[in-house]
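Peer 1: The structure is given below, and queries will be raised subsequently.
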Amino acid sequence: MAEFIDLVLLAMLALTALWIIFLKDLFAVVMLFGIYSFLSALIFVNLDAVDVAFTEASVGAGISTVLMLGTLALTGRQEKERLSTRSKLLPLFVVTLTGAALIYGTLDMPPFGHPDNPVHQHVAPRYIEESPKEVGLPNMVTSVLASYRGFDTLGETVVVFSAFIGVFSLLGVRRKKKKDLESGLESHRVLQVIAKVIIPLVILFALYVQFHGDFGPGGGFQAGVIAAAAFILYALVFGLPKAFAVVGPKFLQWMAAFGVLLYASVGLYSMYKGGNFLDYNQLAADPIAGQHYGIIIIELGVGFTVFAVMLNIFYAFGSQAERSNVQ
Amino acid sequence: MLEQHLAALPIILPLIAAPIALILGRSVLSWGFATLVSGLAFIFSWQLLAAALSDGVLSYAVGGWAPPWGIELRVDVANAFVLLAVTAISTLVLVYSKDSIEKEVKVANHSLFYTAHLLCLAGLSGILITGDAFNLFVFLEVSSLATYALVSLASDRRCLTAAFRYLVMGTIGATFILIGVGLLYMKTGTLNMLDLAVRMDAYESSRTINTGLAFIMVGVSLKLALFPLHMWLPPAYTHAPSAVTAFLASTATKVAVYVMIRFIFTVFGIDHVFVDMGMGLILMVLAVVAIFQCSYSATVQSNVKSILAYSSVAQIGYMILGLSLVSVAGLMAGMIHIFNHALMKGALFMAVGAVFYRVGSVDIKAFAGLGKRMPLTMAAFTIAGLSIIGVPLTAGFVSKWYLVTAALEQDNWLVAALVLLGSLFAVVYIGRVIEAAYFQKLPDSQGSKNIKEVSWLMLAPMWALVIANVYFGIDTSLTTEAANSAAEWLFQADAMSVSNTQEGQMSDVVVQEVSS
């Protein structure tokens, strides 16, 4: 049964991808990207990778869609027909070759889902058997991401921070002048009321995801994205100036830096205590308690950075779009 | 306490410093801070190289988790040697960038520039030091994203298309590496490089692993701009701010060459890559074509930054050529050239940046008569240019010498001749600039009368690299010792039968000949 569901989902995934290629309306393409992400999330759920599915749904389908729509607001929604003189044969050849190589590589692949596969035999058993004793968390995915491979997660947080530096150096966030048109959907009373009801709930859910990541699917990445979505909704409905009054771009810039520093400070403190970088065992007398403190703090750091970066990127797009509208 | 963490410090120091540089905000403050941090990273990497030369390997388990369960940082002579070059260039470029950036980057973006530079440095150090294949990908992303931001910071609008092109190609490269690592994980269940190597030996031949090798090699080739995957490099280097070009040209592609070496020698094993898969010949052909095609392109450019950018792709060809000879001597030549080329290209791009600072253009016409107006800058350009050509008493000669001896060791006269022939192109493209600077007249316009030498803050790092070019051309003990033990270390695991004594005698002979 599970395989049947997989096949159906994969077929839909392929169809969506093909559809995206042939569509010229970029707005529809962005929507299809969202559908693509949700389909992938479903496949991940079917593979019992709920943490990955959650991330894919919140990042891939959620925030990416918003950011791509923000880009469309700047560039326009129709793909421009370009009279290209270049041959399309070379790209086709490269893509076909890559696809053929991937298929060739899978011919020798270990059988799907078999318990004797190398991935289930080498590193994973220790994570499954020992992590409840060593790290003490029910959610092993969080144990691996935040503790065993915590250095990777620090790196990923820095990747998000770098993305912010990139967007910021290109666009920058400009505060609106008084004279500019008031934006937002102020005439839409229904939207405003509903937004006011939904936003607190979304923020509450983000906090739940943030602190429940040790026990179930979730963690700093997803929580940061969800919280950012709440503020983006506010900015969309009530206009950027009001959103700036709640959290301004400068504050978010500090917050993004602070999140990375918070994460790294856990590592520095464990070095100060005589352990290696990011050795949470050193944080408290009891190693399990130390692991727990460490993971909570670094997840907070991740959450801060991701929230601040996502919201600030939206601000950057948004303020550009408003300026071009005014002009 | 510091010694215990020596292996981790070159990564985490710039990593933590980057957000602080952003918070500092003020241009001068973040410049001073970034330079200080980069200088500290240089001192630590110097100590790391000394420790690696005396003790062999330093392993550091991040988070206290033993590999393969946790992430291992693993320093040996090979990566400590490249790290030394990267941190040294980073520090010098930062000193240089204060003035250069003022001219080329908007004031509001200065602290972003230093933040991105530190992020890039942290990423490159992470790629070099990590012993974990996935961790390498993470740091590759950190350094790549920072690089795209750095390229796009120039005030010239053309940098945007260049950065976008770089971003697309770089992302394809990173994705290919990720697919490759994923395929390897599927067959081995581990991500630690040494563990990967051990567990891959269990398979006689596996299509999945071979496909993984192919994806990783193509991905890394994109990153290191191996011909014909180099098309992103010339526009990116041409339109980026001069300080960024000086930094990237002497570090980013070199680190990618190191990644290729690391995957071939530590993870896949030379028998698998060169004997079973026959990659040596492919790499050798591509390297030779890169040397000739791109050296030729360099001779016909009119923008001096483009000339040097095409020359960089050609020089990468020399490194890959050394690697493809599959001998300790060849690999050693490649490693030496990674180090020496960083010194020459850093100095050359700094000199070009100084010209842009004063003249406002890097077209070859703008160089006319500058030999009189900017004597120190043009002298630096000339000496570093001679080093690119491979004139004796410069570092470039040492690189070429080892490459030619490595080829002759295998009686490969064709390769040796091609290396020497390739140098003739360098004579042409460097010669054109020098000819313009010293033998053409300064145009008689009002602006050109005001051209004068740049400040010592730009000259000092430039000349530090020029002096290093000459120093390492005369006293080769550091480069040859480090590169030799790095190459031997990399071959050790595969137990190639090249006798140490023969190798030692050969390098002695070279040292004598070079110094006499």
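Residue names in the structure tokens use chain letters A, B, ... in the order shown, residue numbers from 1 in each chain, and ligand numbers from 1 in the order shown.
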Just need the residues of chain A within 8 Å of chain B, counting only C-alpha atoms, so spit them out as an MDAnalysis selection string.
Peer 2: chainID A and resid 101:102 104:110 117:124 126:127 147:152 155:156 158:159 162:163 165:167 169:170 254 257:258 260:261 264 274:280
Peer 1: Could you give me, as number ranges by chain, the residues within 10 Å of Leu69 in chain A, counting only C-alpha atoms and dropping anything in the same chain fewer than 6 positions from it?
Peer 2: A: 26-27, 30-31, 63, 75-77, 317
Peer 1: Please identify every residue of range 181-298 of chain A that has at least one atom no farther than 9 Å from an atom of range 37-60 of chain A, counting only C-alpha atoms, and for each give the shortest atom pair and the distance in Å to one decimal, arranged by chain then increasing number, as a tab-separated table.
Peer 2:
```
residue	atom	partner	partner_atom	distance
A:Gly216	CA	A:Asp51	CA	8.1
A:Pro217	CA	A:Asp51	CA	4.8
A:Gly218	CA	A:Asp51	CA	6.3
A:Gly219	CA	A:Asp51	CA	8.8
A:Phe221	CA	A:Thr55	CA	7.4
A:Gln222	CA	A:Thr55	CA	5.8
A:Ala223	CA	A:Ser58	CA	8.8
A:Val225	CA	A:Val59	CA	6.7
A:Ile226	CA	A:Ser58	CA	6.9
```
Peer 1: Find the residue from A:Gly267, A:Gly213, A:Gly220, A:Gly318 that sits nearest to Phe244 in chain A; use only C-alpha atoms when measuring.
Peer 2: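 Under the stated criterion, the closest residue is A:Gly318.
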Peer 1: So which residues touch Gly39 in chain B within 12 Å, counting only C-alpha atoms, skipping near sequence neighbours fewer than 3 positions away, as a list in words?
Peer 2: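 The filter keeps Pro10, Leu13, Pro14, Gly32, Phe33, Ala34, Thr35, Leu36, Phe42, Ile43, Phe44, Ser45, Trp46, Leu84, Val86, Thr87, Ala88, Ile89, Ser90, Thr91, Leu92, Val93, Leu94, Val95, Leu118 and Leu121 of chain B.
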Peer 1: Generate a file of the selected residues that holds N, CA and C atoms, formatted as a PDB file, in the first residue's frame.
Peer 2:
```pdb
ATOM      1  N   PRO B  10      40.888  28.032  13.559  1.00  0.00           N
ATOM      2  CA  PRO B  10      40.814  28.766  12.290  1.00  0.00           C
ATOM      3  C   PRO B  10      39.412  28.792  11.697  1.00  0.00           C
ATOM      4  N   LEU B  13      36.896  30.947  14.808  1.00  0.00           N
ATOM      5  CA  LEU B  13      37.248  32.354  15.060  1.00  0.00           C
ATOM      6  C   LEU B  13      36.596  33.290  14.031  1.00  0.00           C
ATOM      7  N   PRO B  14      36.833  33.110  12.722  1.00  0.00           N
ATOM      8  CA  PRO B  14      36.146  33.992  11.758  1.00  0.00           C
ATOM      9  C   PRO B  14      34.638  33.791  11.745  1.00  0.00           C
ATOM     10  N   GLY B  32      39.174  46.989  11.160  1.00  0.00           N
ATOM     11  CA  GLY B  32      40.214  46.649  12.128  1.00  0.00           C
ATOM     12  C   GLY B  32      39.953  45.301  12.774  1.00  0.00           C
ATOM     13  N   PHE B  33      38.692  45.082  13.110  1.00  0.00           N
ATOM     14  CA  PHE B  33      38.333  43.835  13.779  1.00  0.00           C
ATOM     15  C   PHE B  33      38.562  42.638  12.858  1.00  0.00           C
ATOM     16  N   ALA B  34      38.077  42.760  11.606  1.00  0.00           N
ATOM     17  CA  ALA B  34      38.227  41.649  10.658  1.00  0.00           C
ATOM     18  C   ALA B  34      39.703  41.346  10.408  1.00  0.00           C
ATOM     19  N   THR B  35      40.512  42.404  10.269  1.00  0.00           N
ATOM     20  CA  THR B  35      41.934  42.187  10.013  1.00  0.00           C
ATOM     21  C   THR B  35      42.589  41.483  11.189  1.00  0.00           C
ATOM     22  N   LEU B  36      42.226  41.918  12.396  1.00  0.00           N
ATOM     23  CA  LEU B  36      42.783  41.304  13.599  1.00  0.00           C
ATOM     24  C   LEU B  36      42.441  39.820  13.661  1.00  0.00           C
ATOM     25  N   PHE B  42      45.692  33.395  10.969  1.00  0.00           N
ATOM     26  CA  PHE B  42      46.962  33.097  10.297  1.00  0.00           C
ATOM     27  C   PHE B  42      47.972  32.531  11.293  1.00  0.00           C
ATOM     28  N   ILE B  43      48.050  33.153  12.486  1.00  0.00           N
ATOM     29  CA  ILE B  43      48.998  32.654  13.488  1.00  0.00           C
ATOM     30  C   ILE B  43      48.654  31.219  13.882  1.00  0.00           C
ATOM     31  N   PHE B  44      47.357  30.964  14.074  1.00  0.00           N
ATOM     32  CA  PHE B  44      46.960  29.614  14.468  1.00  0.00           C
ATOM     33  C   PHE B  44      47.266  28.614  13.363  1.00  0.00           C
ATOM     34  N   SER B  45      47.066  29.015  12.110  1.00  0.00           N
ATOM     35  CA  SER B  45      47.319  28.037  11.045  1.00  0.00           C
ATOM     36  C   SER B  45      48.819  27.807  10.881  1.00  0.00           C
ATOM     37  N   TRP B  46      49.615  28.831  11.224  1.00  0.00           N
ATOM     38  CA  TRP B  46      51.068  28.624  11.231  1.00  0.00           C
ATOM     39  C   TRP B  46      51.432  27.564  12.273  1.00  0.00           C
ATOM     40  N   LEU B  84      47.452  27.712   5.475  1.00  0.00           N
ATOM     41  CA  LEU B  84      48.414  28.786   5.734  1.00  0.00           C
ATOM     42  C   LEU B  84      48.339  29.836   4.622  1.00  0.00           C
ATOM     43  N   VAL B  86      45.814  30.394   2.604  1.00  0.00           N
ATOM     44  CA  VAL B  86      44.508  31.062   2.596  1.00  0.00           C
ATOM     45  C   VAL B  86      44.451  32.148   3.662  1.00  0.00           C
ATOM     46  N   THR B  87      44.876  31.814   4.900  1.00  0.00           N
ATOM     47  CA  THR B  87      44.771  32.814   5.970  1.00  0.00           C
ATOM     48  C   THR B  87      45.751  33.954   5.735  1.00  0.00           C
ATOM     49  N   ALA B  88      46.927  33.654   5.191  1.00  0.00           N
ATOM     50  CA  ALA B  88      47.888  34.727   4.921  1.00  0.00           C
ATOM     51  C   ALA B  88      47.320  35.701   3.900  1.00  0.00           C
ATOM     52  N   ILE B  89      46.789  35.167   2.775  1.00  0.00           N
ATOM     53  CA  ILE B  89      46.239  36.037   1.742  1.00  0.00           C
ATOM     54  C   ILE B  89      45.059  36.827   2.287  1.00  0.00           C
ATOM     55  N   SER B  90      44.216  36.157   3.070  1.00  0.00           N
ATOM     56  CA  SER B  90      43.048  36.845   3.630  1.00  0.00           C
ATOM     57  C   SER B  90      43.480  38.051   4.460  1.00  0.00           C
ATOM     58  N   THR B  91      44.492  37.862   5.305  1.00  0.00           N
ATOM     59  CA  THR B  91      44.939  38.962   6.155  1.00  0.00           C
ATOM     60  C   THR B  91      45.489  40.109   5.322  1.00  0.00           C
ATOM     61  N   LEU B  92      46.338  39.770   4.345  1.00  0.00           N
ATOM     62  CA  LEU B  92      46.932  40.828   3.519  1.00  0.00           C
ATOM     63  C   LEU B  92      45.854  41.566   2.721  1.00  0.00           C
ATOM     64  N   VAL B  93      44.900  40.797   2.176  1.00  0.00           N
ATOM     65  CA  VAL B  93      43.848  41.439   1.390  1.00  0.00           C
ATOM     66  C   VAL B  93      43.018  42.365   2.268  1.00  0.00           C
ATOM     67  N   LEU B  94      42.786  41.955   3.517  1.00  0.00           N
ATOM     68  CA  LEU B  94      42.000  42.821   4.399  1.00  0.00           C
ATOM     69  C   LEU B  94      42.723  44.127   4.674  1.00  0.00           C
ATOM     70  N   VAL B  95      44.040  44.050   4.906  1.00  0.00           N
ATOM     71  CA  VAL B  95      44.809  45.281   5.113  1.00  0.00           C
ATOM     72  C   VAL B  95      44.660  46.173   3.881  1.00  0.00           C
ATOM     73  N   LEU B 118      34.753  37.623   6.184  1.00  0.00           N
ATOM     74  CA  LEU B 118      35.015  36.706   7.295  1.00  0.00           C
ATOM     75  C   LEU B 118      34.241  35.408   7.126  1.00  0.00           C
ATOM     76  N   LEU B 121      36.085  33.383   4.643  1.00  0.00           N
ATOM     77  CA  LEU B 121      37.291  32.799   5.248  1.00  0.00           C
ATOM     78  C   LEU B 121      36.923  31.608   6.122  1.00  0.00           C
TER      79      LEU B 121
END
```
Peer 1: Show me, as JSON, numbers by chain, the residues that have an atom within 6 Å of Ser324 in chain B when counting only C-alpha atoms, minus same-chain residues fewer than 3 positions from it.
Peer 2: {"B": [280, 283, 284, 321]}
Peer 1: Based on the selection just made, write N, CA and C atoms of those residues as an mmCIF file, in the first residue's frame.
Peer 2:
```cif
data_model
loop_
_atom_site.group_PDB
_atom_site.id
_atom_site.type_symbol
_atom_site.label_atom_id
_atom_site.label_comp_id
_atom_site.auth_asym_id
_atom_site.auth_seq_id
_atom_site.Cartn_x
_atom_site.Cartn_y
_atom_site.Cartn_z
ATOM 1 N N GLY B 280 42.879 9.815 -14.761
ATOM 2 C CA GLY B 280 44.137 10.540 -14.933
ATOM 3 C C GLY B 280 44.243 11.142 -16.320
ATOM 4 N N LEU B 283 41.752 14.062 -16.855
ATOM 5 C CA LEU B 283 42.207 15.281 -16.182
ATOM 6 C C LEU B 283 43.386 15.887 -16.924
ATOM 7 N N MET B 284 44.305 15.029 -17.384
ATOM 8 C CA MET B 284 45.501 15.549 -18.042
ATOM 9 C C MET B 284 45.123 16.287 -19.330
ATOM 10 N N LEU B 321 47.273 19.373 -13.829
ATOM 11 C CA LEU B 321 48.247 18.585 -14.591
ATOM 12 C C LEU B 321 49.181 17.847 -13.642
#
```
Peer 1: Pick out each residue of range 183-421 of chain B that DSSP on the backbone tags as helix (DSSP H, G or I); I need them as a ChimeraX atom specification.
Peer 2: /B:183-188,193-200,207-224,233-239,242-268,270-276,279-300,304-324,328-359,364-367,370-373,375-389,395-409,413-421
Peer 1: Which residues are close to Val57 in chain B, i.e. within 9 Å by only C-alpha atoms, leaving aside same-chain residues fewer than 5 positions away? Reply as an MDAnalysis selection string.
Peer 2: chainID B and resid 51:52 74:77
Peer 1: Please provide as a PDB file with C-alpha atoms, in the first residue's frame all residues within 8 Å of range 344-360 of chain B, with the sequence filter that same-chain residues fewer than 6 positions apart are discarded (counting only C-alpha atoms).
Peer 2:
```pdb
ATOM      1  CA  ILE B  89      46.239  36.037   1.742  1.00  0.00           C
ATOM      2  CA  TYR B  96      44.725  46.257   1.445  1.00  0.00           C
ATOM      3  CA  SER B 100      40.427  49.881  -2.161  1.00  0.00           C
ATOM      4  CA  LYS B 103      36.704  53.531  -3.922  1.00  0.00           C
ATOM      5  CA  SER B 242      39.534  44.404  -6.759  1.00  0.00           C
ATOM      6  CA  ALA B 243      40.086  43.296  -3.175  1.00  0.00           C
ATOM      7  CA  THR B 245      39.183  39.366  -6.849  1.00  0.00           C
ATOM      8  CA  ALA B 246      42.584  39.333  -5.158  1.00  0.00           C
ATOM      9  CA  PHE B 247      41.170  37.218  -2.337  1.00  0.00           C
ATOM     10  CA  ALA B 249      41.676  34.321  -7.204  1.00  0.00           C
ATOM     11  CA  SER B 250      44.291  33.252  -4.703  1.00  0.00           C
ATOM     12  CA  VAL B 304      43.607  43.597 -17.486  1.00  0.00           C
ATOM     13  CA  LYS B 305      41.441  41.918 -14.855  1.00  0.00           C
ATOM     14  CA  LEU B 308      44.521  37.771 -15.204  1.00  0.00           C
ATOM     15  CA  SER B 312      44.012  31.943 -13.449  1.00  0.00           C
ATOM     16  CA  ALA B 366      44.722  52.996 -18.890  1.00  0.00           C
ATOM     17  CA  PHE B 367      48.076  51.417 -18.040  1.00  0.00           C
ATOM     18  CA  THR B 377      52.768  49.444  -8.106  1.00  0.00           C
ATOM     19  CA  MET B 378      54.036  48.691 -11.585  1.00  0.00           C
ATOM     20  CA  ALA B 380      55.158  44.918  -8.063  1.00  0.00           C
ATOM     21  CA  PHE B 381      53.102  43.969 -11.117  1.00  0.00           C
ATOM     22  CA  ALA B 384      54.689  39.090  -9.842  1.00  0.00           C
ATOM     23  CA  GLY B 385      54.197  38.867 -13.611  1.00  0.00           C
ATOM     24  CA  SER B 387      56.689  34.888 -11.407  1.00  0.00           C
ATOM     25  CA  ILE B 388      53.620  33.868 -13.439  1.00  0.00           C
ATOM     26  CA  GLY B 396      56.687  30.581 -10.357  1.00  0.00           C
ATOM     27  CA  SER B 448      46.468  61.852 -15.939  1.00  0.00           C
ATOM     28  CA  ILE B 451      47.888  60.215 -10.987  1.00  0.00           C
ATOM     29  CA  LYS B 452      50.230  59.333  -8.168  1.00  0.00           C
ATOM     30  CA  GLU B 453      51.303  56.336  -6.148  1.00  0.00           C
ATOM     31  CA  VAL B 454      48.741  54.734  -3.817  1.00  0.00           C
ATOM     32  CA  MET B 458      47.754  49.320  -0.250  1.00  0.00           C
ATOM     33  CA  MET B 462      51.159  44.079  -2.258  1.00  0.00           C
ATOM     34  CA  TRP B 463      54.872  44.214  -1.654  1.00  0.00           C
ATOM     35  CA  LEU B 465      53.370  39.227  -1.536  1.00  0.00           C
ATOM     36  CA  VAL B 466      55.976  40.331  -4.068  1.00  0.00           C
ATOM     37  CA  ASN B 469      57.313  35.591  -4.470  1.00  0.00           C
TER      38      ASN B 469
END
```
Peer 1: What does the distance between CA of Ala7 in chain B and CA of Leu40 in chain B come to in Å, to one decimal place?
Peer 2: 13.3 Å
Peer 1: Record the distance separating CA of Val285 in chain B and CA of Ile316 in chain B, expressed in Å with one decimal.
Peer 2: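 The value is 13.1 Å.
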Peer 1: Hey, what's within 8 Å of range 414-426 of chain B if we count only C-alpha atoms and toss same-chain stuff fewer than 5 positions away? As a PyMOL selection string, please?
Peer 2: chain B and resi 288+291-292+295-296+299+311+318+388-390+400+403-405+407-408+431
Peer 1: With C-alpha atoms retained, write the just-selected residues as a JSON list (two decimals), in the first residue's frame.
Peer 2:
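Saved result, selection14.json, follows:
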```json
[["chain", "number", "residue", "atom", "x", "y", "z"],
["B", 288, "VAL", "CA", 46.50, 20.82, -21.10],
["B", 291, "ILE", "CA", 46.51, 25.86, -20.25],
["B", 292, "PHE", "CA", 46.50, 26.56, -23.98],
["B", 295, "SER", "CA", 46.30, 31.35, -21.96],
["B", 296, "TYR", "CA", 45.40, 32.21, -25.53],
["B", 299, "THR", "CA", 46.42, 37.29, -24.67],
["B", 311, "SER", "CA", 45.42, 33.32, -16.73],
["B", 318, "TYR", "CA", 49.00, 23.42, -14.20],
["B", 388, "ILE", "CA", 53.62, 33.87, -13.44],
["B", 389, "ILE", "CA", 55.86, 33.42, -16.47],
["B", 390, "GLY", "CA", 58.22, 31.30, -14.41],
["B", 400, "LYS", "CA", 57.26, 24.98, -13.18],
["B", 403, "LEU", "CA", 56.12, 20.14, -12.70],
["B", 404, "VAL", "CA", 58.62, 19.58, -15.50],
["B", 405, "THR", "CA", 60.80, 17.26, -13.39],
["B", 407, "ALA", "CA", 56.78, 14.87, -16.04],
["B", 408, "LEU", "CA", 60.32, 13.93, -17.02],
["B", 431, "GLY", "CA", 54.33, 41.52, -21.58]]
```
